[in-house]
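A.B. asks: coords_26.csv (CSV, C-alpha atoms) pasted underneath:
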chain,number,residue,atom,x,y,z
Q,1485,MET,CA,81.0,121.6,183.5
Q,1486,SER,CA,82.7,118.9,185.4
Q,1487,ARG,CA,85.9,117.1,184.6
Q,1488,GLN,CA,86.5,113.4,184.9
Q,1489,SER,CA,89.3,112.4,187.2
Q,1490,ASN,CA,90.9,109.3,185.8
Q,1491,ARG,CA,92.3,107.8,189.1
Q,1492,ALA,CA,91.5,104.2,189.6
Q,1493,THR,CA,91.3,104.5,193.4
Q,1494,ASP,CA,89.8,108.0,193.6
Q,1495,SER,CA,86.5,108.8,191.9
Q,1496,LYS,CA,86.1,112.5,192.9
Q,1497,LYS,CA,85.0,114.8,190.2
Q,1498,MET,CA,86.1,118.3,190.3
Q,1499,ASN,CA,84.2,121.2,188.8
Q,1500,SER,CA,86.4,122.8,186.3
Q,1501,GLU,CA,84.8,126.2,186.9
Q,1502,LEU,CA,86.2,126.1,190.4
Q,1503,PHE,CA,89.7,125.5,188.9
Q,1504,THR,CA,89.3,128.3,186.4
Q,1505,LEU,CA,88.1,130.7,189.1
Q,1506,THR,CA,90.9,129.7,191.5
Q,1507,TYR,CA,93.5,130.4,188.8
Q,1508,GLY,CA,91.9,133.7,188.0
Q,1509,ALA,CA,91.9,134.7,191.6
Q,1510,LEU,CA,95.6,133.8,191.8
Q,1511,VAL,CA,96.5,135.9,188.8
Q,1512,THR,CA,94.4,138.8,190.0
Q,1513,GLN,CA,96.1,138.8,193.4
Q,1514,LEU,CA,99.5,138.6,191.8
Q,1515,CYS,CA,98.7,141.6,189.7
Q,1516,LYS,CA,97.6,143.5,192.8
Q,1517,ASP,CA,100.8,142.5,194.6
Q,1518,TYR,CA,103.3,143.2,191.9
Q,1519,GLU,CA,101.6,145.8,189.7
Q,1520,ASN,CA,104.0,144.9,186.9
Q,1521,ASP,CA,103.0,142.5,184.1
Q,1522,GLU,CA,106.5,141.2,183.5
Q,1523,GLU,CA,107.0,140.5,187.2
Q,1524,VAL,CA,103.6,138.6,187.3
Q,1525,ASN,CA,104.6,136.6,184.3
Q,1526,LYS,CA,107.9,135.6,186.1
Q,1527,GLN,CA,106.1,134.7,189.3
Q,1528,LEU,CA,103.6,132.6,187.5
Q,1529,ASP,CA,106.4,130.8,185.7
Q,1530,LYS,CA,108.2,130.2,189.0
Q,1531,MET,CA,105.0,128.8,190.6
Q,1532,GLY,CA,104.5,126.7,187.5
Q,1533,TYR,CA,108.1,125.3,187.8
Q,1534,ASN,CA,107.5,124.3,191.4
Q,1535,ILE,CA,104.3,122.6,190.4
Q,1536,GLY,CA,106.0,120.9,187.5
Q,1537,VAL,CA,108.8,119.3,189.5
Q,1538,ARG,CA,106.2,117.5,191.6
Q,1539,LEU,CA,103.6,117.0,188.9
Q,1540,ILE,CA,106.0,114.8,186.9
Q,1541,GLU,CA,106.2,112.3,189.7
Q,1542,ASP,CA,102.4,112.1,189.9
Q,1543,PHE,CA,102.3,111.8,186.1
Q,1544,LEU,CA,104.8,108.9,186.1
Q,1545,ALA,CA,102.9,107.2,188.9
Q,1546,ARG,CA,99.5,107.4,187.2
Q,1547,SER,CA,100.5,106.7,183.6
Q,1548,SER,CA,102.7,103.8,182.8
Q,1549,VAL,CA,104.7,105.8,180.4
Q,1550,GLY,CA,108.4,104.9,180.5
Q,1551,ARG,CA,111.4,107.0,179.5
Q,1552,CYS,CA,111.0,108.8,176.2
Q,1553,HIS,CA,113.7,108.0,173.6
Q,1554,ASP,CA,113.6,111.3,171.7
Q,1555,PHE,CA,112.0,114.7,171.7
Q,1556,ARG,CA,109.3,113.7,169.3
Q,1557,GLU,CA,108.1,111.0,171.6
Q,1558,THR,CA,108.2,113.5,174.4
Q,1559,ALA,CA,106.1,115.9,172.4
Q,1560,ASP,CA,103.5,113.2,171.8
Q,1561,VAL,CA,103.4,112.1,175.4
Q,1562,ILE,CA,102.9,115.7,176.6
Q,1563,ALA,CA,100.1,116.4,174.1
Q,1564,LYS,CA,98.3,113.1,174.2
Q,1565,VAL,CA,98.7,111.8,177.7
Q,1566,ALA,CA,99.7,114.6,180.0
Q,1567,PHE,CA,97.5,117.4,178.8
Q,1568,LYS,CA,94.6,115.0,178.6
Q,1569,MET,CA,95.2,113.7,182.1
Q,1570,TYR,CA,95.5,117.1,183.8
Q,1571,LEU,CA,93.5,119.6,181.7
Q,1572,GLY,CA,91.2,117.3,179.7
Q,1573,ILE,CA,92.3,118.7,176.4
Q,1574,THR,CA,94.5,117.3,173.6
Q,1575,PRO,CA,96.6,119.9,171.9
Q,1576,SER,CA,98.1,119.1,168.5
Q,1577,VAL,CA,101.8,118.9,167.9
Q,1578,THR,CA,102.9,120.9,164.8
Q,1579,ASN,CA,105.5,123.2,163.3
Q,1580,TRP,CA,108.5,121.0,163.9
Q,1581,SER,CA,111.7,122.8,163.3
Q,1582,PRO,CA,114.0,121.2,160.6
Q,1583,ALA,CA,116.4,120.2,163.3
Q,1584,GLY,CA,113.7,118.4,165.2
Q,1585,ASP,CA,114.4,120.3,168.4
Q,1586,GLU,CA,111.5,122.8,168.5
Q,1587,PHE,CA,107.7,122.3,168.1
Q,1588,SER,CA,104.4,123.9,168.8
Q,1589,LEU,CA,101.4,122.8,170.8
Q,1590,ILE,CA,98.2,124.2,169.4
Q,1591,LEU,CA,95.5,124.4,172.0
Q,1592,GLU,CA,92.0,124.8,170.6
Q,1593,SER,CA,90.7,125.6,174.1
Q,1594,ASN,CA,92.4,126.5,177.3
Q,1595,PRO,CA,90.5,125.7,180.5
Q,1596,LEU,CA,92.5,128.3,182.4
Q,1597,VAL,CA,91.1,131.1,180.4
Q,1598,ASP,CA,87.3,130.3,180.4
Q,1599,PHE,CA,85.4,133.5,181.0
Q,1600,VAL,CA,88.6,135.6,181.0
Q,1601,GLU,CA,89.2,138.9,179.2
Q,1602,LEU,CA,92.4,140.8,179.5
Q,1603,PRO,CA,91.8,144.5,180.3
Q,1604,ASP,CA,93.8,147.0,178.3
Q,1605,ASN,CA,96.1,148.0,181.1
Q,1606,HIS,CA,97.5,144.4,181.2
Q,1607,SER,CA,98.5,143.9,177.6
Q,1608,ASN,CA,101.8,142.4,178.5
Q,1609,LEU,CA,100.4,139.8,180.9
Q,1610,VAL,CA,100.8,136.3,179.7
Q,1611,TYR,CA,97.9,134.9,181.6
Q,1612,SER,CA,98.7,131.2,181.3
Q,1613,SER,CA,102.4,131.5,182.2
Q,1614,LEU,CA,101.9,128.9,184.8
Q,1615,LEU,CA,101.7,126.3,182.1
Q,1616,CYS,CA,105.1,127.3,180.7
Q,1617,GLY,CA,106.6,126.8,184.2
Q,1618,VAL,CA,104.9,123.5,184.7
Q,1619,LEU,CA,106.3,122.1,181.4
Q,1620,ARG,CA,109.7,123.4,182.1
Q,1621,GLY,CA,109.9,122.0,185.6
Q,1622,ALA,CA,108.5,118.7,184.7
Q,1623,LEU,CA,110.9,118.1,181.8
Q,1624,GLU,CA,113.8,119.2,183.9
Q,1625,MET,CA,113.1,116.4,186.3
Q,1626,VAL,CA,113.4,113.9,183.4
Q,1627,GLN,CA,116.8,115.3,182.4
Q,1628,MET,CA,115.6,117.7,179.6
Q,1629,ALA,CA,116.3,121.4,179.6
Q,1630,VAL,CA,113.6,123.1,177.5
Q,1631,ASP,CA,112.5,126.6,176.8
Q,1632,VAL,CA,108.8,127.1,176.8
Q,1633,ARG,CA,106.9,130.2,175.8
Q,1634,PHE,CA,103.6,131.4,174.4
Q,1635,ALA,CA,103.8,132.2,170.7
Q,1636,GLN,CA,100.0,132.9,170.4
Q,1637,ASP,CA,97.4,133.6,173.0
Q,1638,THR,CA,93.6,133.9,172.4
Q,1639,LEU,CA,93.5,136.4,175.2
Q,1640,ARG,CA,95.6,138.8,173.2
Q,1641,GLY,CA,93.6,138.5,170.1
Q,1642,ASP,CA,95.1,135.5,168.3
Q,1643,SER,CA,92.9,132.7,167.0
Q,1644,VAL,CA,94.5,129.9,168.8
Q,1645,THR,CA,96.8,129.4,171.8
Q,1646,GLU,CA,100.2,128.2,170.7
Q,1647,ILE,CA,102.9,127.1,173.1
Q,1648,ARG,CA,106.4,126.9,171.5
Q,1649,MET,CA,108.8,124.4,173.1
Q,1650,LYS,CA,112.5,124.3,172.3
Q,1651,PHE,CA,114.9,121.6,173.4
Q,1652,ILE,CA,118.0,123.1,174.8
Q,1653,LYS,CA,120.1,120.2,176.1
Q,1654,ARG,CA,120.1,116.9,178.0
Q,1655,ILE,CA,120.9,117.3,181.7
Q,1656,GLU,CA,123.5,114.7,182.6
Q,1657,GLU,CA,123.2,112.6,185.7
Q,1658,ASN,CA,126.1,113.4,188.0
Q,1659,LEU,CA,127.7,111.1,190.6
Q,1660,PRO,CA,127.6,112.7,194.0
Q,1661,ALA,CA,130.9,114.0,195.3
Q,1662,GLY,CA,133.3,111.8,197.1
Q,1663,ASP,CA,133.8,108.9,194.8
Q,1664,GLU,CA,136.5,106.5,196.1
O,1221,MET,CA,122.4,90.0,180.0
O,1222,ALA,CA,125.4,90.9,182.0
O,1223,CYS,CA,126.3,87.9,184.1
O,1224,VAL,CA,129.3,87.7,186.4
O,1225,SER,CA,129.9,84.7,188.6
O,1226,ALA,CA,132.6,85.3,191.1
O,1227,ALA,CA,133.5,82.0,192.5
O,1228,GLU,CA,137.2,82.3,192.3
O,1229,PRO,CA,139.1,84.8,194.4
O,1230,GLU,CA,141.2,86.2,191.5
O,1231,ARG,CA,138.1,86.9,189.5
O,1232,GLN,CA,136.7,88.7,192.4
O,1233,GLN,CA,139.8,90.8,192.4
O,1234,LYS,CA,139.4,91.6,188.7
O,1235,ILE,CA,135.8,92.7,189.3
O,1236,ARG,CA,136.9,94.9,192.2
O,1237,SER,CA,139.2,96.8,189.8
O,1238,TRP,CA,136.6,97.0,187.0
O,1239,MET,CA,133.9,98.3,189.2
O,1240,GLY,CA,135.8,101.5,190.1
O,1241,HIS,CA,133.5,103.2,192.6
O,1242,PHE,CA,132.1,100.0,193.8
O,1243,ARG,CA,133.8,97.8,196.3
O,1244,LEU,CA,132.7,94.3,196.8
O,1245,VAL,CA,131.7,94.3,200.4
O,1246,LYS,CA,131.8,91.0,202.1
O,1247,CYS,CA,130.0,89.1,199.4
O,1248,SER,CA,129.1,85.6,200.6
O,1249,PRO,CA,131.2,83.0,198.8
O,1250,GLY,CA,129.2,81.6,196.0
O,1251,SER,CA,127.7,83.2,193.1
O,1252,PHE,CA,127.3,86.9,192.5
O,1253,ASP,CA,125.0,87.3,189.6
O,1254,ALA,CA,124.0,90.6,188.0
O,1255,CYS,CA,120.9,90.3,186.0
O,1256,SER,CA,119.7,92.7,183.4
O,1257,GLY,CA,117.1,92.3,180.8
O,1258,SER,CA,115.4,89.4,182.4
O,1259,CYS,CA,115.2,88.3,186.0
O,1260,ARG,CA,116.3,84.9,187.2
O,1261,VAL,CA,114.5,83.3,190.1
O,1262,SER,CA,116.3,80.7,192.1
O,1263,LEU,CA,114.0,79.0,194.5
O,1264,ARG,CA,115.6,77.1,197.2
O,1265,THR,CA,113.6,74.9,199.6
O,1266,ASP,CA,115.0,76.4,202.8
O,1267,ALA,CA,114.4,80.0,201.7
O,1268,VAL,CA,110.8,79.4,200.5
O,1269,ARG,CA,109.6,78.5,204.0
O,1270,LYS,CA,110.2,82.0,205.4
O,1271,MET,CA,110.3,84.8,202.8
O,1272,THR,CA,111.0,88.3,204.1
O,1273,VAL,CA,112.0,91.8,203.3
O,1274,HIS,CA,115.3,92.9,204.9
O,1275,ASN,CA,115.5,96.6,204.2
O,1276,LEU,CA,114.5,99.3,201.8
O,1277,TYR,CA,116.4,102.4,200.5
O,1278,ILE,CA,115.0,105.3,198.6
O,1279,PHE,CA,117.5,107.6,196.8
O,1280,ASP,CA,116.8,110.7,194.8
O,1281,ARG,CA,118.4,111.8,191.6
O,1282,ASN,CA,121.4,113.5,193.3
O,1283,GLY,CA,122.3,110.5,195.4
O,1284,SER,CA,121.0,111.6,198.7
O,1285,CYS,CA,119.3,108.8,200.6
O,1286,LEU,CA,115.7,110.0,201.2
O,1287,HIS,CA,114.6,107.1,203.3
O,1288,TYR,CA,115.9,103.9,204.8
O,1289,SER,CA,114.0,101.3,206.8
O,1290,GLU,CA,114.9,97.8,207.9
O,1291,TRP,CA,112.8,94.9,209.1
O,1292,ASN,CA,114.9,91.8,209.3
O,1293,ARG,CA,118.5,92.8,209.0
O,1294,LYS,CA,120.7,90.4,211.0
O,1295,LYS,CA,124.0,91.8,210.1
O,1296,GLN,CA,125.1,95.4,209.8
O,1297,ALA,CA,127.6,96.7,207.2
O,1298,GLY,CA,130.1,97.7,209.8
O,1299,ILE,CA,130.3,101.3,208.4
O,1300,SER,CA,128.4,104.4,209.3
O,1301,LYS,CA,124.9,104.8,207.8
O,1302,GLU,CA,126.1,107.7,205.7
O,1303,GLU,CA,129.0,105.6,204.2
O,1304,GLU,CA,126.6,102.8,203.6
O,1305,PHE,CA,124.2,105.0,201.6
O,1306,LYS,CA,127.1,106.4,199.6
O,1307,LEU,CA,128.4,102.9,198.9
O,1308,MET,CA,125.0,101.7,197.9
O,1309,TYR,CA,124.4,104.6,195.5
O,1310,GLY,CA,127.9,104.4,194.1
O,1311,MET,CA,127.4,100.7,193.4
O,1312,LEU,CA,124.1,101.3,191.6
O,1313,PHE,CA,125.6,104.0,189.5
O,1314,SER,CA,128.5,101.9,188.6
O,1315,ILE,CA,126.5,98.8,187.8
O,1316,ARG,CA,124.1,100.7,185.7
O,1317,SER,CA,126.8,102.2,183.5
O,1318,PHE,CA,128.6,98.8,183.4
O,1319,ILE,CA,125.5,97.1,182.3
O,1320,SER,CA,124.7,99.5,179.5
O,1321,LYS,CA,128.3,99.5,178.3
O,1322,MET,CA,128.6,95.7,178.3
O,1323,SER,CA,125.2,94.7,177.1
O,1324,PRO,CA,125.4,92.6,174.0
O,1325,LEU,CA,121.9,93.6,173.0
O,1326,ASP,CA,119.9,96.9,173.1
O,1327,MET,CA,119.1,97.8,176.6
O,1328,LYS,CA,115.5,97.7,177.6
O,1329,ASP,CA,115.1,98.2,181.4
O,1330,GLY,CA,118.7,98.0,182.5
O,1331,PHE,CA,119.6,96.8,185.9
O,1332,LEU,CA,116.8,94.9,187.6
O,1333,ALA,CA,118.3,92.8,190.4
O,1334,PHE,CA,121.2,90.9,191.7
O,1335,GLN,CA,121.3,87.9,194.0
O,1336,THR,CA,123.8,86.2,196.3
O,1337,SER,CA,123.4,82.9,198.0
O,1338,ARG,CA,121.7,84.6,201.0
O,1339,TYR,CA,119.7,87.6,199.7
O,1340,LYS,CA,118.5,89.3,196.6
O,1341,LEU,CA,118.6,93.0,195.9
O,1342,HIS,CA,115.8,94.4,193.7
O,1343,TYR,CA,116.1,97.8,192.0
O,1344,TYR,CA,113.6,100.1,190.5
O,1345,GLU,CA,114.3,103.5,189.0
O,1346,THR,CA,111.8,106.1,187.8
O,1347,PRO,CA,112.6,108.4,184.9
O,1348,THR,CA,112.9,111.3,187.4
O,1349,GLY,CA,115.8,109.5,189.1
O,1350,ILE,CA,114.1,108.2,192.2
O,1351,LYS,CA,115.7,104.9,193.0
O,1352,LEU,CA,114.2,102.3,195.2
O,1353,VAL,CA,116.3,99.4,196.4
O,1354,MET,CA,114.9,96.5,198.4
O,1355,ASN,CA,116.8,93.6,199.8
O,1356,THR,CA,114.8,90.5,200.2
O,1357,ASP,CA,115.0,86.8,200.7
O,1358,LEU,CA,115.9,84.6,197.8
O,1359,GLY,CA,112.4,83.1,197.6
O,1360,VAL,CA,111.0,86.4,196.5
O,1361,PRO,CA,110.3,86.6,192.8
O,1362,ASN,CA,110.6,89.8,190.8
O,1363,CYS,CA,109.3,92.6,192.9
O,1364,ARG,CA,109.6,95.5,190.5
O,1365,ASP,CA,105.8,95.8,190.7
O,1366,THR,CA,106.0,96.1,194.5
O,1367,LEU,CA,108.7,98.8,194.2
O,1368,GLN,CA,106.6,100.6,191.6
O,1369,GLN,CA,103.6,100.5,193.9
O,1370,ILE,CA,105.7,101.9,196.7
O,1371,TYR,CA,106.6,104.7,194.5
O,1372,SER,CA,103.2,105.5,193.1
O,1373,THR,CA,101.0,104.9,196.1
O,1374,LEU,CA,103.3,105.9,198.9
O,1375,TYR,CA,106.1,108.2,197.7
O,1376,VAL,CA,104.0,110.2,195.3
O,1377,GLU,CA,100.9,110.3,197.5
O,1378,TYR,CA,102.5,111.2,200.8
O,1379,ILE,CA,105.7,113.0,199.9
O,1380,VAL,CA,105.4,114.6,196.5
O,1381,LYS,CA,101.9,115.8,197.1
O,1382,ASN,CA,102.7,117.2,200.5
O,1383,PRO,CA,103.9,120.8,200.0
O,1384,LEU,CA,105.6,120.8,203.4
O,1385,CYS,CA,107.9,118.0,202.4
O,1386,VAL,CA,111.0,119.4,200.8
O,1387,LEU,CA,112.1,117.2,197.9
O,1388,GLY,CA,115.7,116.2,197.9
O,1389,GLU,CA,116.1,116.0,201.7
O,1390,SER,CA,115.7,113.1,204.0
O,1391,LEU,CA,112.0,112.4,204.3
O,1392,GLN,CA,110.6,113.6,207.6
O,1393,SER,CA,107.1,112.4,207.2
O,1394,ASP,CA,105.8,110.1,209.9
O,1395,LEU,CA,102.8,109.4,207.9
O,1396,PHE,CA,104.9,108.1,205.0
O,1397,SER,CA,107.0,106.0,207.4
O,1398,SER,CA,104.1,104.3,209.0
O,1399,LYS,CA,102.2,103.8,205.7
O,1400,LEU,CA,105.4,102.2,204.2
O,1401,ASP,CA,105.8,100.0,207.3
O,1402,SER,CA,102.3,98.7,207.1
O,1403,PHE,CA,102.6,98.2,203.3
O,1404,ILE,CA,105.7,96.1,203.7
O,1405,ARG,CA,104.3,94.1,206.5
O,1406,ALA,CA,101.2,93.4,204.4
O,1407,LEU,CA,103.2,92.0,201.5
O,1408,PRO,CA,102.6,88.4,200.7
O,1409,PHE,CA,106.2,87.6,200.9
O,1410,PHE,CA,106.9,89.3,204.2
O,1411,SER,CA,107.1,87.3,207.4
O,1412,VAL,CA,109.0,88.2,210.5
O,1413,ARG,CA,111.7,85.6,210.8
O,1414,ALA,CA,111.9,83.6,213.9
O,1415,ALA,CA,115.2,84.2,215.7
Do you think you could lay out the structure here as structure tokens?
C.D. replies:
Amino acid sequence: MSRQSNRATDSKKMNSELFTLTYGALVTQLCKDYENDEEVNKQLDKMGYNIGVRLIEDFLARSSVGRCHDFRETADVIAKVAFKMYLGITPSVTNWSPAGDEFSLILESNPLVDFVELPDNHSNLVYSSLLCGVLRGALEMVQMAVDVRFAQDTLRGDSVTEIRMKFIKRIEENLPAGDE
Amino acid sequence: MACVSAAEPERQQKIRSWMGHFRLVKCSPGSFDACSGSCRVSLRTDAVRKMTVHNLYIFDRNGSCLHYSEWNRKKQAGISKEEEFKLMYGMLFSIRSFISKMSPLDMKDGFLAFQTSRYKLHYYETPTGIKLVMNTDLGVPNCRDTLQQIYSTLYVEYIVKNPLCVLGESLQSDLFSSKLDSFIRALPFFSVRAA
């Protein structure tokens, strides 16, 4: 299995198995270090956040997507452009709340969890928590505060993986202190 | 399109009070035009001969100046660099809100550039709040593409992707500075002005 990289200048192809195994090694090591599923989930989310704040810049540089005008447009861009660019999958956007501030991303397949089975003693582990952090960090850098969580996870017995994203508020730009 | 021409001194005074944070700093007499929506190119025969880039500022979303380089700046602002960066950022902030408020049509890109009789200031902002400001000669046409290239091929590649570079602080990467310098010098509209 190899994944196409869609850089114009860089034609390296990366083996997605290496990516999956690296992520698995990361989660395993965190489990050994923290021994507590909730703590591991938090750490993965934090790491994801740090990735997200930088990933958004790379995303903006590589895609020519401009500023999104509303949350629906944001959802489409995340599903059709961002997920495609970085993970090679295109989740579907469904289950919009009546207020239009919450939606679900349904992932048919999740490259992070290829070959993975959760053992019984880690039933509270949200294996792909990193993705939640990435989405949260990336959107925060474009002035949107969102809450991201896994509603369904194939590793915990559900049929599909569902990520629920809720818009909290718009982060206003602030003038630096010392205006004359 | 917000267009302000400040030929008369009393109109300059009015603009000074409107702008709030922004103080008109020693604007050369002549026209001060703020363009939004579309870019105006004014080609003068004396400027076309030697086109050049004067300096470049990079600001982040909180207003801190991440990077500043100059190539052909003949006159300094007369204030400390820190004050200059604050002034520049304050001006950009004010002009952007001014433009969106006063625009007679729906805004598309917002503030693009302004020019005086001696230089032109080009502006590019990313959705993440990274602002690139380049002062060039009048002969330089719209260089938003150049600024976008600087962002995507230099800032993202050498700063964002470097885990040792702390975002939000003044950029300490020598690699970035040297790559930026060679990029600017390789631009078709850059030429080192003869004294």
A.B. asks: Using atom CA of Q:Ile1647 and atom CA of Q:Lys1516 as the two end points, give the distance in Å to one decimal.
C.D. replies: 26.2 Å
A.B. asks: Would you list which chain O residues are within 6 Å of chain Q using all atoms listed in the file, as an MDAnalysis selection string?
C.D. replies: chainID O and resid 1241 1283 1347:1348 1372 1376 1380
A.B. asks: Excluding O:Glu1345 and its own-chain neighbours fewer than 5 positions away, which residues fall within 10 Å of it when counting all atoms listed in the file? Please give them as a list in words.
C.D. replies: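 Listing them by chain and then by number gives Ile1278, Phe1279, Asp1280, Arg1281, Asp1329, Gly1330, Phe1331, Leu1332, Ile1350, Lys1351, Leu1352, Val1353, Arg1364, Leu1367, Gln1368 and Tyr1371 of chain O.
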A.B. asks: Please produce an output containing C-alpha atoms for each residue in the selection, written as a CSV table (one decimal), in the coordinates of the input.
C.D. replies:
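The resulting result_18.csv:
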chain,number,residue,atom,x,y,z
O,1278,ILE,CA,115.0,105.3,198.6
O,1279,PHE,CA,117.5,107.6,196.8
O,1280,ASP,CA,116.8,110.7,194.8
O,1281,ARG,CA,118.4,111.8,191.6
O,1329,ASP,CA,115.1,98.2,181.4
O,1330,GLY,CA,118.7,98.0,182.5
O,1331,PHE,CA,119.6,96.8,185.9
O,1332,LEU,CA,116.8,94.9,187.6
O,1350,ILE,CA,114.1,108.2,192.2
O,1351,LYS,CA,115.7,104.9,193.0
O,1352,LEU,CA,114.2,102.3,195.2
O,1353,VAL,CA,116.3,99.4,196.4
O,1364,ARG,CA,109.6,95.5,190.5
O,1367,LEU,CA,108.7,98.8,194.2
O,1368,GLN,CA,106.6,100.6,191.6
O,1371,TYR,CA,106.6,104.7,194.5
A.B. asks: What's around Q:Thr1645 at 6 Å? Count only C-alpha atoms, leave out sequence neighbours fewer than 2 positions away in its own chain, and write the answer as a compact mmCIF listing (two decimals) with C-alpha atoms, in the coordinates of the input.
C.D. replies:
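Contents of out.txt, as written:
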# COMPACT_ATOMS: atom_id res chain seq x y z
CA ILE Q 1590 98.20 124.20 169.40
CA LEU Q 1591 95.50 124.40 172.00
CA GLN Q 1636 100.00 132.90 170.40
CA ASP Q 1637 97.40 133.60 173.00
CA THR Q 1638 93.60 133.90 172.40
A.B. asks: One number please: atom CA of O:Gly1298 to atom CA of O:His1274, in Å, one decimal.
C.D. replies: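 Atom-to-atom, atom CA of O:Gly1298 and atom CA of O:His1274 are spaced 16.3 Å apart.
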A.B. asks: Pick from Q:Asp1604, Q:Asp1554, Q:Asp1631, Q:Asp1529: nearest to Q:Ser1588, with only C-alpha atoms counted?
C.D. replies: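 Residue with the minimum atom-to-atom distance to Q:Ser1588: Q:Asp1631.
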A.B. asks: So, with only C-alpha atoms as the atoms that count, which of O:Leu1374, O:Leu1341, O:Leu1358, O:Met1308 lies closest to O:Asp1401?
C.D. replies: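 The answer is O:Leu1374, which sits nearest to O:Asp1401.
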A.B. asks: Which of these, Q:Asp1585, Q:Glu1592, Q:Glu1501, Q:Glu1522, has the shortest distance to Q:Val1644 once you count all atoms listed in the file?
C.D. replies: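 So, comparing all the options, the nearest one is Q:Glu1592.
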A.B. asks: Hey, can you check how far atom CA of O:Ala1406 sits from atom CA of O:Glu1304?
C.D. replies: 27.1 Å
A.B. asks: Which is closer to Q:His1553 than all the others in Q:Met1628, Q:Leu1609, Q:Val1600, Q:Ala1583, using only C-alpha atoms?
C.D. replies: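 The shortest atom-to-atom distance to Q:His1553 comes from Q:Met1628.
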A.B. asks: Tell me which residues come within 12 Å of (104.6, 111.9, 209.5), as a count of residues only, counting all atoms listed in the file in the file's coordinates.
C.D. replies: 15
A.B. asks: How would stretch 1362-1374 of chain O read, as a CSV table (one decimal), in the frame of the given file, once N, CA, C and O atoms are built in?
C.D. replies:
chain,number,residue,atom,x,y,z
O,1362,ASN,N,110.5,88.4,191.2
O,1362,ASN,CA,110.6,89.8,190.8
O,1362,ASN,C,109.7,90.7,191.5
O,1362,ASN,O,108.5,90.6,191.4
O,1363,CYS,N,110.2,91.7,192.2
O,1363,CYS,CA,109.3,92.6,192.9
O,1363,CYS,C,109.4,94.0,192.4
O,1363,CYS,O,109.2,95.0,193.1
O,1364,ARG,N,109.6,94.2,191.1
O,1364,ARG,CA,109.6,95.5,190.5
O,1364,ARG,C,108.2,96.1,190.7
O,1364,ARG,O,108.1,97.3,190.9
O,1365,ASP,N,107.2,95.3,190.6
O,1365,ASP,CA,105.8,95.8,190.7
O,1365,ASP,C,105.6,96.4,192.1
O,1365,ASP,O,105.0,97.4,192.3
O,1366,THR,N,106.1,95.7,193.1
O,1366,THR,CA,106.0,96.1,194.5
O,1366,THR,C,106.7,97.5,194.6
O,1366,THR,O,106.2,98.4,195.2
O,1367,LEU,N,107.9,97.6,194.1
O,1367,LEU,CA,108.7,98.8,194.2
O,1367,LEU,C,107.9,99.9,193.5
O,1367,LEU,O,107.9,101.1,193.9
O,1368,GLN,N,107.3,99.6,192.3
O,1368,GLN,CA,106.6,100.6,191.6
O,1368,GLN,C,105.4,101.1,192.4
O,1368,GLN,O,105.0,102.2,192.4
O,1369,GLN,N,104.8,100.1,193.1
O,1369,GLN,CA,103.6,100.5,193.9
O,1369,GLN,C,104.0,101.4,195.1
O,1369,GLN,O,103.3,102.3,195.4
O,1370,ILE,N,105.2,101.0,195.7
O,1370,ILE,CA,105.7,101.9,196.7
O,1370,ILE,C,105.9,103.3,196.2
O,1370,ILE,O,105.5,104.3,196.9
O,1371,TYR,N,106.4,103.4,195.0
O,1371,TYR,CA,106.6,104.7,194.5
O,1371,TYR,C,105.3,105.4,194.2
O,1371,TYR,O,105.1,106.6,194.7
O,1372,SER,N,104.4,104.8,193.5
O,1372,SER,CA,103.2,105.5,193.1
O,1372,SER,C,102.2,105.7,194.2
O,1372,SER,O,101.5,106.7,194.3
O,1373,THR,N,102.0,104.7,195.1
O,1373,THR,CA,101.0,104.9,196.1
O,1373,THR,C,101.5,105.5,197.4
O,1373,THR,O,100.8,106.0,198.2
O,1374,LEU,N,102.8,105.4,197.7
O,1374,LEU,CA,103.3,105.9,198.9
O,1374,LEU,C,104.2,107.2,198.7
O,1374,LEU,O,103.8,108.3,199.2
